[in-house]
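Beneath this line is the structure, given in structure tokens, with notes to follow.
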Amino acid sequence: MAFEPKPMLPGDAHDAARRFAEASATTLARLQEPAARAAELAVQWDALLELGWAGMLVPEDCGGAGGTLLDMAALAEGAGSAALALPLVAVCAVAPTLLAGQPLLLAELAAGRLQPCVVLAGGITAETGRLSGRALGVETPPVPGHALVAVEDALYLLDLGTAGAGFTRHERIDGRLTLDLELQGAPARLLAADAGASIARARDLGALLSCVEAVAAMGTLIRQTIDYLLQRQQFGTALASFQALRHRVAEMYVAWRNLTGLVQAALRTPEERNIAFAKLRLGEAGRFVAEQAIQVHGGMGMTEELPATRLARRILMAEFEWGDRHAQAARLLAAA
Amino acid sequence: MAFEPKPMLPGDAHDAARRFAEASATTLARLQEPAARAAELAVQWDALLELGWAGMLVPEDCGGAGGTLLDMAALAEGAGSAALALPLVAVCAVAPTLLAGQPLLLAELAAGRLQPCVVLAGGITAETGRLSGRALGVETPPVPGHALVAVEDALYLLDLGTAGAGFTRHERIDGRLTLDLELQGAPARLLAADAGASIARARDLGALLSCVEAVAAMGTLIRQTIDYLLQRQQFGTALASFQALRHRVAEMYVAWRNLTGLVQAALRTPEERNIAFAKLRLGEAGRFVAEQAIQVHGGMGMTEELPATRLARRILMAEFEWGDRHAQAARLLAAA
Amino acid sequence: MDETAELAAFRAEVRDFALTRCPPEIRAVVAANGKLGRKQWAPWQRILHAHGWGAPSWPKEHGGTGWDQRRRHIFDEVLAECDCPPQYHHGLRHLGPVLIAFGTEEQKARFLPGILSGEDWWCQGYSEPGAGSDLASLKTRAVREGEEYVVTGQKLWTSHAHEADWMYTLVRTNAEVKRQEGITLLLIPLDAPGIRVREVRTIDGWHHVNEVFLDAVRVPVANRIGEENKGWTYGKFLLDRERLGGANVAPAFRFLDRCRALVARELAAPGQALKREQLEYRLLLAEAELRGARELGRAAVEAVMAGEPLGLMPSELKLSTADTVQRIGAIALDAVGERVASRFRPVDASGPNAEVEDIEWVQNFMYLRAKTIFGGSNEVQKNVVAKQLFGM
Amino acid sequence: MDETAELAAFRAEVRDFALTRCPPEIRAVVAANGKLGRKQWAPWQRILHAHGWGAPSWPKEHGGTGWDQRRRHIFDEVLAECDCPPQYHHGLRHLGPVLIAFGTEEQKARFLPGILSGEDWWCQGYSEPGAGSDLASLKTRAVREGEEYVVTGQKLWTSHAHEADWMYTLVRTNAEVKRQEGITLLLIPLDAPGIRVREVRTIDGWHHVNEVFLDAVRVPVANRIGEENKGWTYGKFLLDRERLGGANVAPAFRFLDRCRALVARELAAPGQALKREQLEYRLLLAEAELRGARELGRAAVEAVMAGEPLGLMPSELKLSTADTVQRIGAIALDAVGERVASRFRPVDASGPNAEVEDIEWVQNFMYLRAKTIFGGSNEVQKNVVAKQLFGM
């Protein structure tokens, strides 16, 4: 029997997210033009909001499900296993963490009326409630509405339709949509002046859930690689019988299992240090698994339509979300 | 037919040095106690001096052979192919480079009456012609007589029998002999106050010839590894038929050939930059080949008596001579 | 003048030509690690041809330069050092020599001039779905009907088919014999009825490879090279002549230089010192490997000059450079990935940043995956090396 | 008290015991990455036994603690964290459980107490020259003569044979049947006539493994475990019980800590900053891998507690840690190699520096080569993983 990866957080939430993501991928595979894909993603995003996932981490008295980190992680794992091209983590996990203590906005978020992109990376300045500067490649819901913007320790809410705010959309390498924001004195609402701790917590949560998504994608990718090698013949022999390829796959598997261990430790104890080590290792292990999957798929690995390629690009992208390996190393060394 | 490495600098000098080194290794293999080995090395060293190799780079009018870098490198390559445990490069190449312009001392060197160890690594200070400080693990002729000591840009000649000079001998991991020098106001002769350029040149020459020796040792090591895998059976099959091991050996071979290319370039144009890149790559390629040779020899690779082990340790040691990979990287980055 | 001085003079002449005659807009594409197409290659070939340098690897009587291997190597190196495109290979290096060796007089007269001038654009129809490195398993059939072959099948990984005029194609004319013995080499115009070219979308986001579907395409027997069922011989002749292709490491050095400049520019802030130093160290390791490969390349050229067999040198070169170039691509990705991988394709046609600066580094990272896959994968190269080393 | 609190209390109890009762001179050897011998192990085992903790993995009725797998794991972890030696395994973890499962009452009465108290010292006679990972190809013969076996052959890689009293030994009693079916397990005293132990000099410079030559050694049949020709079963039973051995990553973490301290101390000078940062970054990568492996180890312990099969976990653990620990050893070598590898063995008995400080880092680098070779080489582990993943 071919290998089937076991989820870290099995259950209904995982399965629902997985089914959703698989269906999404099937539909998107038929569309090539970025504009057509963006339109389809908008439809899918509405369906996702219908499922109430934006409220997963929102307290019940704000209209949410009052779920735990593990509930959210189960969704991320299911979604990640098929490399869902929607901003589940940014909107449904990072945003509510930033909005903790803002019951009205949390209610809006849970209801799907507030769909903010999240700008934590710097590059924006604030003066008397007006924001200026650029933020590039910010993950976004298909139809950009608002942005939660961190300016040092302060947190702002910006309406993207306001004067002084402009944006362009791109597709990331993993097919998700992003914004390049150009702000020129755009008026924004100050939500909190001293939100440093919650901004850091939100970024860490993003990093952790990126790892969860990537681990899930790696499991699927390894399964697909094994299936491919079992099925594909060369010089009259199944590729799966070549020891060099078998050992490569064993190395991919061990790298994946090792990363899974780190992620499980960070899920159990979601402290900065645990998350930083998991994300650091994702940079190494994820890159290795993605590159080798492409390699052992041979020429097929070069094609964009191959599901394995899509997963590989998702894994490569995950490293760059919420701080890459060098950012993680820098903070670990600074803390030593 | 099994693989046989081709020398970079074939010819009589190479063959003579190779035969000498092979005979040396055969004799030493019977001796285990460091003191007994040191005594045997002393006998061999006298034989080496009889061959006139200490005069290879010494001008003819000083009683030497007036040879070129390539003549010396051919000796080093032959010696390296059997990991000769004598300080050929230090005494016969680095020392005469330091002594350039000192005809009397060069004549002593060529005649085998001056057998200096070379101390370039710092840790010694000079005050009014007296040297103090420690130098650890300095490669030495079996019977220590003199030391050429660089103190910043100045070069001194020290008689190790003098008051204030003490030493202990060790064996290196590659079986060569070294000194720990302890100097407490030992009187020394100032040979040149402004020898910075020749000290740098001498160190570079040492680094280059270490690479030559290591490349030769790697060639032999790869040959022995291939022979072992061809001959050794496991689970009823020759180890040489396992693709994972075959690919490993192919990687060792390519790493060796690539390093050979760097060393050939540096021999043709022995500039600082070429030498630094070769030595940097030796750190990576040599370590890889040595480690993998031990690995694919299995348990046998752990035994000290195996010739392959001796070669592997020689290659590991070569990285640390005349500046390791980080020292090379630092100077390359500083020059950029 | 002795040979060394002559070669130095030749190098200077090529450099001067490259810097003054290759259009800046073409060199700019190379300098930006961009994707080259017929748009850049064809005019460049015209310029080279006009200067008499259209075919460095052809004999003089067919319009080549007659240069020896040393001069050809210098020519290739200098072009790369000056950010000129390498010459488009399908006509000049692949088909041309086969035509010269095995073509009829009519075929030579018909096809060689168009290759030389850059007027005819060629692509190679060898690979097929499911064949991979096992080329001899190809299935595209050609059935003789009078003075025509009727060709049906499918080709894959056909680079430049979307901008080419012709495809030299291996087809199966006999399925009863040993796999290598039933293959024939045909020249097929891409505008022939029954041909459909479909883009294969690759992970880098560039359009360079295609599927080519052949549905009962009628090809005159006059377009057959050499004998029927001997195609494998000609294909092999072609591949053997390509074995020195890896000797020119100069493009990899230019890529390294650009990556080093990128790292210095992208990570100039003091807060980025740690990351910058990591990447600089990795660049040094990569440079060392390239320097070793460059020397192996020189040795290969000298071996050809001396009439010695190349042995394992082509595999050594490929295994010494393919990984290394990928690692350089990874260093660049590490430098700019966070900023650029998030902006791969524009969705909205207008607005700021519709053109993403430095995006080519992400495309190159992806594109470079092919280095260890195509042209004999790393695994195949290691098999070749091991077979020789172990004698089994 | 709930289970979590109980485990925390247990952990504290073990820590207190380890820190107060393990002699400082023994812990100093561990803390210095030194080589452990009977001289350190035997007194430590006496202390543990006196406290009733002599055999954490044995059932109570045979003098064990009766601890579950969780507690045994905590015990092992804490010992390592406190620089106490791990327990000597040959008697306690290998032979003891086999005796308990398959030994006669006489054998249990004769041998278990000496193992518990640390009075009898055991070594394992399994490997042979030329056998490597292919254990079943062993050739040492035992011929039955009346109430004795006459054993002739040679064992290799026999750790601690030079300081042991007994060797549990696999021998061939039937050469006519399938290789695994003619093997018998005998207990042989090392002072028996006909036994010669010769040191195998290993690359690390420590004495720990030996060749053991057996020349017509007479062994009473009473020293046979279980049935004749069933030795493979008992050997396999033993190896299966060892499959959780890799779950304790704590020693590797201590090794990492020491290496990190070494790097900080050795490379404190400003001129060494570049090198120090390189090594610190590599240490972080290694730590990340060890953290992942630690979690896999915990999961394996929980799997055993839940009665679930371990599946690939032992191979995952070994492949996740063996390389990593080697890499840590390499980082240390990079830090001190230039100063220390040049002073491996003293030649002159006296004089300054006859004892070389930090030399154990070079020895450990060499010693650690064995991590990916013995106990199922990395290549064998990957075969195991691949076989499971591919189902073939």
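For the structure tokens, the naming scheme is as follows: chains receive sequential letters (A, B, ...) according to their order of presentation, residues are indexed from 1 within each chain, and ligands are indexed from 1 in presentation order.
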Residue neighbourhood Gln243 of chain A, 8 Å, only C-alpha atoms, exclusion window fewer than 2 positions, as a PyMOL selection string = (chain A and resi 240-241+245-247) or (chain B and resi 242-244)
Could those residues be written to a file, using N, CA, C and O atoms, as an mmCIF file, in the first residue's frame?
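See part20.cif below for the written result:
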```
data_model
loop_
_atom_site.group_PDB
_atom_site.id
_atom_site.type_symbol
_atom_site.label_atom_id
_atom_site.label_comp_id
_atom_site.auth_asym_id
_atom_site.auth_seq_id
_atom_site.Cartn_x
_atom_site.Cartn_y
_atom_site.Cartn_z
ATOM 1 N N ALA A 240 10.761 3.685 -8.854
ATOM 2 C CA ALA A 240 10.769 3.391 -7.414
ATOM 3 C C ALA A 240 11.765 2.314 -7.040
ATOM 4 O O ALA A 240 12.034 2.107 -5.856
ATOM 5 N N SER A 241 12.324 1.618 -8.028
ATOM 6 C CA SER A 241 13.273 0.562 -7.673
ATOM 7 C C SER A 241 14.716 1.058 -7.643
ATOM 8 O O SER A 241 15.599 0.310 -7.245
ATOM 9 N N LEU A 245 17.048 7.005 -5.699
ATOM 10 C CA LEU A 245 15.787 7.736 -5.537
ATOM 11 C C LEU A 245 15.073 7.312 -4.260
ATOM 12 O O LEU A 245 14.465 8.132 -3.561
ATOM 13 N N ARG A 246 15.145 6.034 -3.953
ATOM 14 C CA ARG A 246 14.515 5.546 -2.716
ATOM 15 C C ARG A 246 15.138 6.227 -1.502
ATOM 16 O O ARG A 246 14.426 6.657 -0.593
ATOM 17 N N HIS A 247 16.460 6.336 -1.511
ATOM 18 C CA HIS A 247 17.117 6.993 -0.373
ATOM 19 C C HIS A 247 16.774 8.483 -0.314
ATOM 20 O O HIS A 247 16.606 9.041 0.765
ATOM 21 N N PHE B 242 25.447 -1.446 -5.131
ATOM 22 C CA PHE B 242 24.368 -0.624 -4.548
ATOM 23 C C PHE B 242 24.431 0.798 -5.098
ATOM 24 O O PHE B 242 25.425 1.497 -4.952
ATOM 25 N N GLN B 243 23.335 1.227 -5.692
ATOM 26 C CA GLN B 243 23.343 2.523 -6.374
ATOM 27 C C GLN B 243 23.648 3.673 -5.423
ATOM 28 O O GLN B 243 24.327 4.635 -5.792
ATOM 29 N N ALA B 244 23.142 3.589 -4.201
ATOM 30 C CA ALA B 244 23.385 4.683 -3.260
ATOM 31 C C ALA B 244 24.882 4.847 -3.010
ATOM 32 O O ALA B 244 25.393 5.967 -2.943
#
```
Identify every residue of chain A that has at least one atom within 9 Å of any atom of chain D, counting only C-alpha atoms, and report the result as a PyMOL selection string.
-> chain A and resi 1-4+223+226-227+229-230+240-241+243+246-251+253-255+257-265+274+277-278+280-281+284+329-330+332-333
Selection from above, N, CA, C and O atoms, as a short mmCIF file (atom, residue, chain, number, x, y, z; two decimals), in the first residue's frame, can you write it?
```cif
data_model
loop_
_atom_site.label_atom_id
_atom_site.label_comp_id
_atom_site.auth_asym_id
_atom_site.auth_seq_id
_atom_site.Cartn_x
_atom_site.Cartn_y
_atom_site.Cartn_z
N MET A 1 0.85 -1.20 0.00
CA MET A 1 0.00 0.00 0.00
C MET A 1 0.88 1.24 0.00
O MET A 1 1.90 1.30 0.69
N ALA A 2 0.50 2.21 -0.79
CA ALA A 2 1.31 3.43 -0.86
C ALA A 2 1.19 4.21 0.45
O ALA A 2 0.23 4.07 1.19
N PHE A 3 2.18 5.03 0.67
CA PHE A 3 2.26 5.83 1.89
C PHE A 3 1.14 6.87 1.96
O PHE A 3 0.81 7.52 0.98
N GLU A 4 0.56 7.00 3.13
CA GLU A 4 -0.47 8.03 3.36
C GLU A 4 -0.08 8.80 4.62
O GLU A 4 0.01 8.22 5.70
N ARG A 223 3.80 12.01 -0.50
CA ARG A 223 2.91 10.96 -1.01
C ARG A 223 2.85 10.98 -2.53
O ARG A 223 2.97 9.94 -3.20
N ILE A 226 6.04 9.63 -4.08
CA ILE A 226 6.10 8.17 -4.00
C ILE A 226 5.19 7.54 -5.05
O ILE A 226 5.59 6.62 -5.77
N ASP A 227 3.98 8.06 -5.16
CA ASP A 227 3.06 7.52 -6.16
C ASP A 227 3.65 7.64 -7.56
O ASP A 227 3.58 6.71 -8.37
N LEU A 229 6.80 7.82 -8.47
CA LEU A 229 7.94 6.91 -8.70
C LEU A 229 7.49 5.46 -8.83
O LEU A 229 8.10 4.67 -9.54
N LEU A 230 6.42 5.12 -8.14
CA LEU A 230 5.90 3.75 -8.25
C LEU A 230 5.32 3.48 -9.63
O LEU A 230 5.41 2.37 -10.16
N ALA A 240 10.76 3.69 -8.85
CA ALA A 240 10.77 3.39 -7.41
C ALA A 240 11.76 2.31 -7.04
O ALA A 240 12.03 2.11 -5.86
N SER A 241 12.32 1.62 -8.03
CA SER A 241 13.27 0.56 -7.67
C SER A 241 14.72 1.06 -7.64
O SER A 241 15.60 0.31 -7.25
N GLN A 243 17.76 2.68 -6.06
CA GLN A 243 18.09 2.94 -4.66
C GLN A 243 18.40 4.42 -4.40
O GLN A 243 18.05 4.95 -3.35
N ARG A 246 15.15 6.03 -3.95
CA ARG A 246 14.52 5.55 -2.72
C ARG A 246 15.14 6.23 -1.50
O ARG A 246 14.43 6.66 -0.59
N HIS A 247 16.46 6.34 -1.51
CA HIS A 247 17.12 6.99 -0.37
C HIS A 247 16.77 8.48 -0.31
O HIS A 247 16.61 9.04 0.76
N ARG A 248 16.67 9.09 -1.47
CA ARG A 248 16.29 10.51 -1.49
C ARG A 248 14.93 10.68 -0.84
O ARG A 248 14.73 11.58 -0.01
N VAL A 249 13.99 9.83 -1.21
CA VAL A 249 12.65 9.93 -0.64
C VAL A 249 12.69 9.65 0.87
O VAL A 249 12.00 10.32 1.65
N ALA A 250 13.53 8.71 1.28
CA ALA A 250 13.67 8.45 2.72
C ALA A 250 14.18 9.70 3.43
O ALA A 250 13.70 10.04 4.52
N GLU A 251 15.11 10.40 2.81
CA GLU A 251 15.63 11.63 3.41
C GLU A 251 14.54 12.71 3.48
O GLU A 251 14.44 13.44 4.47
N TYR A 253 11.39 12.15 3.71
CA TYR A 253 10.45 11.70 4.73
C TYR A 253 10.98 12.04 6.13
O TYR A 253 10.24 12.57 6.98
N VAL A 254 12.24 11.76 6.37
CA VAL A 254 12.81 12.02 7.69
C VAL A 254 12.84 13.53 7.97
O VAL A 254 12.54 13.97 9.09
N ALA A 255 13.19 14.32 6.97
CA ALA A 255 13.19 15.78 7.16
C ALA A 255 11.78 16.25 7.53
O ALA A 255 11.61 17.12 8.40
N ARG A 257 9.33 14.42 8.91
CA ARG A 257 8.96 13.94 10.25
C ARG A 257 9.65 14.78 11.33
O ARG A 257 9.06 15.10 12.35
N ASN A 258 10.89 15.12 11.10
CA ASN A 258 11.62 15.92 12.07
C ASN A 258 10.97 17.30 12.23
O ASN A 258 10.76 17.78 13.35
N LEU A 259 10.63 17.91 11.11
CA LEU A 259 9.95 19.20 11.19
C LEU A 259 8.60 19.05 11.88
O LEU A 259 8.20 19.91 12.68
N THR A 260 7.91 17.96 11.58
CA THR A 260 6.63 17.71 12.25
C THR A 260 6.81 17.71 13.77
O THR A 260 6.00 18.28 14.50
N GLY A 261 7.90 17.08 14.21
CA GLY A 261 8.18 17.08 15.65
C GLY A 261 8.30 18.49 16.20
O GLY A 261 7.70 18.84 17.23
N LEU A 262 9.05 19.33 15.52
CA LEU A 262 9.21 20.72 15.98
C LEU A 262 7.88 21.45 16.02
O LEU A 262 7.61 22.24 16.94
N VAL A 263 7.06 21.22 15.02
CA VAL A 263 5.79 21.93 14.95
C VAL A 263 4.86 21.43 16.06
O VAL A 263 4.15 22.23 16.69
N GLN A 264 4.89 20.14 16.31
CA GLN A 264 4.05 19.63 17.40
C GLN A 264 4.48 20.21 18.74
O GLN A 264 3.65 20.57 19.57
N ALA A 265 5.78 20.30 18.95
CA ALA A 265 6.26 20.91 20.19
C ALA A 265 5.79 22.35 20.29
O ALA A 265 5.38 22.82 21.37
N ASN A 274 10.18 28.23 20.63
CA ASN A 274 9.75 27.02 19.93
C ASN A 274 9.32 27.33 18.50
O ASN A 274 9.59 26.57 17.57
N PHE A 277 12.38 28.20 16.25
CA PHE A 277 13.14 27.01 15.80
C PHE A 277 12.37 26.24 14.73
O PHE A 277 12.97 25.73 13.78
N ALA A 278 11.06 26.13 14.89
CA ALA A 278 10.29 25.42 13.87
C ALA A 278 10.39 26.14 12.53
O ALA A 278 10.60 25.53 11.48
N LEU A 280 12.71 28.25 11.53
CA LEU A 280 14.09 28.12 11.03
C LEU A 280 14.26 26.79 10.29
O LEU A 280 14.81 26.73 9.19
N ARG A 281 13.78 25.75 10.92
CA ARG A 281 13.96 24.43 10.32
C ARG A 281 13.10 24.27 9.07
O ARG A 281 13.48 23.55 8.14
N GLU A 284 15.04 25.12 6.06
CA GLU A 284 15.95 24.08 5.57
C GLU A 284 15.18 22.87 5.03
O GLU A 284 15.40 22.43 3.91
N ALA A 329 16.82 33.09 12.87
CA ALA A 329 18.16 32.88 13.45
C ALA A 329 18.62 34.13 14.18
O ALA A 329 19.17 34.05 15.28
N ALA A 330 18.36 35.29 13.58
CA ALA A 330 18.81 36.53 14.21
C ALA A 330 18.15 36.71 15.57
O ALA A 330 18.80 37.09 16.55
N LEU A 332 16.90 34.35 17.50
CA LEU A 332 17.39 33.33 18.43
C LEU A 332 18.78 33.68 18.94
O LEU A 332 19.07 33.51 20.13
N LEU A 333 19.64 34.17 18.07
CA LEU A 333 20.98 34.53 18.51
C LEU A 333 20.94 35.76 19.42
O LEU A 333 21.70 35.83 20.40
#
```
Mind giving me the straight-line distance from atom CA of Ala54 of chain A to atom CA of Leu41 of chain A in Å, one decimal?
-> 15.9 Å
Fewer than 5 positions away in the same chain doesn't count, so skip those; otherwise give me all residues within 7 Å of segment 205-208 of chain D, counting only C-alpha atoms, as number ranges by chain.
-> D: 159-160, 199, 363
Generate the output file for the selected residues, N, CA and C atoms, as a PDB file, in the first residue's frame.
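The file below, out12.pdb, is the result:
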```pdb
ATOM      1  N   SER D 159      32.876  -4.283  21.832  1.00  0.00           N
ATOM      2  CA  SER D 159      33.102  -3.181  22.776  1.00  0.00           C
ATOM      3  C   SER D 159      33.333  -3.747  24.166  1.00  0.00           C
ATOM      4  N   HIS D 160      34.286  -3.164  24.883  1.00  0.00           N
ATOM      5  CA  HIS D 160      34.502  -3.442  26.300  1.00  0.00           C
ATOM      6  C   HIS D 160      34.981  -4.863  26.580  1.00  0.00           C
ATOM      7  N   GLU D 199      43.121  -5.475  21.160  1.00  0.00           N
ATOM      8  CA  GLU D 199      42.571  -4.139  20.925  1.00  0.00           C
ATOM      9  C   GLU D 199      42.487  -3.851  19.427  1.00  0.00           C
ATOM     10  N   GLN D 363      38.825  13.729  19.258  1.00  0.00           N
ATOM     11  CA  GLN D 363      38.483  12.312  19.430  1.00  0.00           C
ATOM     12  C   GLN D 363      37.005  12.068  19.166  1.00  0.00           C
TER      13      GLN D 363
END
```
Selection: 12 Å around Ala109 of chain C, only C-alpha atoms, excl. self and same-chain fewer than 3 positions, as a list in words |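 These residues fall inside the cut-off: His62, Gly63, Gly96, Leu99, Ile100, Gly103, Thr104, Glu105, Glu106, Leu112, Pro113, Gly114, Ile115 and Leu116 of chain C.
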Write out as a count of residues only which residues come within 9 Å of segment 174-178 of chain A when counting only C-alpha atoms, dropping same-chain ones fewer than 4 positions away.
-> 34
Within 6 Å of segment 149-158 of chain C using only C-alpha atoms, minus same-chain residues under 3 positions, as a PyMOL selection string | chain C and resi 127-129+140-145+161+209-219
Mind checking which residues fall within 7 Å of segment 322-335 of chain D, counting only C-alpha atoms, ignoring those fewer than 4 positions away in the same chain, and posting them as a PyMOL selection string?
-> chain D and resi 252+256+259+263+266+279+283+286+318+361-362+364-365+368-369+371-372
Run DSSP on the backbone and grab whatever in segment 76-231 of chain A lands in strand (DSSP E); send it over as a PyMOL selection string.
-> chain A and resi 116-119+124-127+130-139+146-151+154-159+165-171+177-187+189-192
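For the choices A:Ala163, A:Leu28, A:Ala73, A:Ile294, the atom-to-atom distance to Ala42 of chain A is smallest for A:Leu28 when using only C-alpha atoms.
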DSSP says alpha helix (DSSP H) for which residues of segment 19-80 of chain A? Put them as a VMD selection string?
-> chain A and resid 19 to 28 34 to 50 69 to 80
